[in-house]
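J.: So I've got this file, model.tsv, and it contains TSV, C-alpha atoms:
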chain	number	residue	atom	x	y	z
W	1	MET	CA	-27.69	6.56	-18.78
W	2	ARG	CA	-29.95	3.90	-17.35
W	3	ALA	CA	-30.02	5.65	-13.98
W	4	ALA	CA	-31.46	8.71	-15.72
W	5	GLY	CA	-34.08	6.61	-17.53
W	6	LEU	CA	-32.26	6.87	-20.88
W	7	HIS	CA	-31.30	4.16	-23.34
W	8	ALA	CA	-29.15	4.01	-26.47
W	9	ILE	CA	-31.04	3.98	-29.73
W	10	ALA	CA	-28.06	3.75	-32.11
W	11	THR	CA	-24.26	3.76	-32.12
W	12	LEU	CA	-22.87	6.41	-34.43
W	13	LEU	CA	-19.18	5.82	-33.85
W	14	ASN	CA	-16.96	3.52	-31.80
W	15	THR	CA	-13.67	5.15	-30.78
W	16	GLU	CA	-10.52	4.31	-28.90
W	17	ALA	CA	-7.97	6.58	-27.21
W	18	VAL	CA	-4.30	5.63	-27.49
W	19	LEU	CA	-1.34	7.18	-25.66
W	20	ILE	CA	1.90	6.84	-27.64
W	21	ALA	CA	5.26	7.82	-26.18
W	22	SER	CA	8.08	7.85	-28.73
W	23	LYS	CA	11.40	6.36	-27.71
W	24	PRO	CA	14.49	6.26	-29.91
W	25	PRO	CA	15.64	2.75	-30.94
W	26	ASN	CA	17.75	0.94	-28.33
W	27	SER	CA	17.28	3.77	-25.83
W	28	GLY	CA	16.10	1.82	-22.80
W	29	ASP	CA	13.63	3.97	-20.87
W	30	ASP	CA	14.66	7.36	-22.32
W	31	TYR	CA	11.97	9.27	-24.19
W	32	LYS	CA	12.64	10.84	-27.56
W	33	HIS	CA	11.35	14.10	-26.06
W	34	PRO	CA	12.38	14.00	-22.36
W	35	GLU	CA	10.62	17.33	-21.69
W	36	HIS	CA	7.32	15.46	-22.10
W	37	ALA	CA	8.18	12.62	-19.68
W	38	ALA	CA	6.35	14.16	-16.68
W	39	LEU	CA	3.23	14.88	-18.75
W	40	ILE	CA	3.22	11.36	-20.21
W	41	SER	CA	3.55	9.91	-16.72
W	42	THR	CA	0.66	12.04	-15.43
W	43	ILE	CA	-1.64	11.09	-18.31
W	44	LYS	CA	-0.73	7.40	-17.97
W	45	SER	CA	-1.39	7.49	-14.22
W	46	ARG	CA	-4.80	9.14	-14.72
W	47	ILE	CA	-5.84	6.61	-17.37
W	48	GLU	CA	-4.79	3.76	-15.06
W	49	GLY	CA	-6.82	5.37	-12.26
W	50	VAL	CA	-9.95	5.51	-14.41
W	51	LEU	CA	-9.52	1.88	-15.46
W	52	ALA	CA	-9.09	0.81	-11.82
W	53	ALA	CA	-12.06	2.91	-10.66
W	54	ASN	CA	-14.35	1.28	-13.24
W	55	LYS	CA	-14.00	-1.97	-11.28
W	56	TYR	CA	-15.45	-0.45	-8.11
W	57	VAL	CA	-18.70	1.07	-6.90
W	58	ILE	CA	-18.85	3.94	-4.44
W	59	CYS	CA	-21.01	3.28	-1.42
W	60	GLN	CA	-21.79	6.29	0.78
W	61	TYR	CA	-23.95	6.48	3.84
W	62	ASN	CA	-24.34	8.53	7.01
W	63	MET	CA	-24.16	6.76	10.35
W	64	PRO	CA	-23.47	7.32	14.03
W	65	ARG	CA	-19.74	7.49	14.81
W	66	THR	CA	-20.27	4.76	17.44
W	67	GLY	CA	-20.95	2.17	14.71
W	68	LEU	CA	-17.85	2.97	12.68
W	69	ASP	CA	-15.90	-0.19	13.61
W	70	VAL	CA	-18.71	-2.43	12.35
W	71	ALA	CA	-19.18	-0.40	9.15
W	72	ILE	CA	-15.45	-0.57	8.32
W	73	LYS	CA	-15.60	-4.37	8.53
W	74	ILE	CA	-18.53	-4.43	6.08
W	75	THR	CA	-17.25	-1.76	3.64
W	76	PRO	CA	-13.49	-1.37	4.18
W	77	GLY	CA	-12.70	0.56	1.01
W	78	ARG	CA	-10.02	-0.23	-1.55
W	79	ARG	CA	-7.04	0.95	0.50
W	80	ALA	CA	-8.85	2.47	3.46
W	81	PRO	CA	-12.35	3.77	4.17
W	82	THR	CA	-13.12	7.43	3.48
W	83	ILE	CA	-14.69	8.88	6.60
W	84	THR	CA	-16.02	12.42	6.61
W	85	ALA	CA	-17.10	14.31	9.72
W	86	LEU	CA	-20.61	15.78	9.55
W	87	ASP	CA	-21.94	18.95	11.22
W	88	ASN	CA	-23.35	16.77	13.97
W	89	GLY	CA	-20.13	15.51	15.59
W	90	ALA	CA	-21.80	12.25	16.60
W	91	TRP	CA	-22.33	11.31	12.93
W	92	VAL	CA	-19.99	10.56	10.02
W	93	ALA	CA	-20.36	9.85	6.33
Is it possible to give me this structure as structure tokens?

T.:
Amino acid sequence: MRAAGLHAIATLLNTEAVLIASKPPNSGDDYKHPEHAALISTIKSRIEGVLAANKYVICQYNMPRTGLDVAIKITPGRRAPTITALDNGAWVA
């Protein structure tokens, strides 16, 4: 909001999302409804991804391909840098 020049004037409602997966008593890792296991896993993975992403800031810039080694040392990325070829083959983003 701040980036768009906006600011909050009042909070109408605070909410919280909760993912609940039912398991029968003493069942170990089996779900009560095993047909939903893949969907539950997908939703859980996406929520975890959002929570992890909130800790990071994306930094994008265009630069000559020749300076890539130096740039990777400065901004290595979480697992690896994302490098995109540009129309001009001598440049990357």

J.: One decimal, in Å: what's the spacing between CA of Ala90 (chain W) and CA of Tyr61 (chain W)?

T.: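 According to the coordinates, CA of Ala90 (chain W) and CA of Tyr61 (chain W) are separated by 14.2 Å.
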
J.: Need to verify the contact set: region 12-23 of chain W, 9 Å, only C-alpha atoms, exclusion of same-chain residues closer than 6 positions in sequence. Can you return it as JSON, numbers by chain?

T.: {"W": [29, 30, 31, 32, 33, 36, 37, 40, 43, 44]}

J.: Which polymer residues have any atom within 12 Å of an atom of Gly89 (chain W), counting only C-alpha atoms, with same-chain residues fewer than 5 positions away left out, as a ChimeraX atom specification?

T.: /W:62-66,84

J.: Can you work out the spacing between CA of Tyr56 (chain W) and CA of Arg78 (chain W) in Å, to one decimal?

T.: 8.5 Å

J.: Work out how far apart CA of Gly49 (chain W) and CA of Gly5 (chain W) are and give it in Å to one decimal.

T.: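 One can read the CA of Gly49 (chain W) to CA of Gly5 (chain W) distance as 27.8 Å.
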
J.: Tell me, as a PyMOL selection string, which residues lie within 10 Å of Gly77 (chain W), counting only C-alpha atoms; anything in the same chain fewer than 4 positions away does not count.

T.: chain W and resi 56-59+72-73+81-82
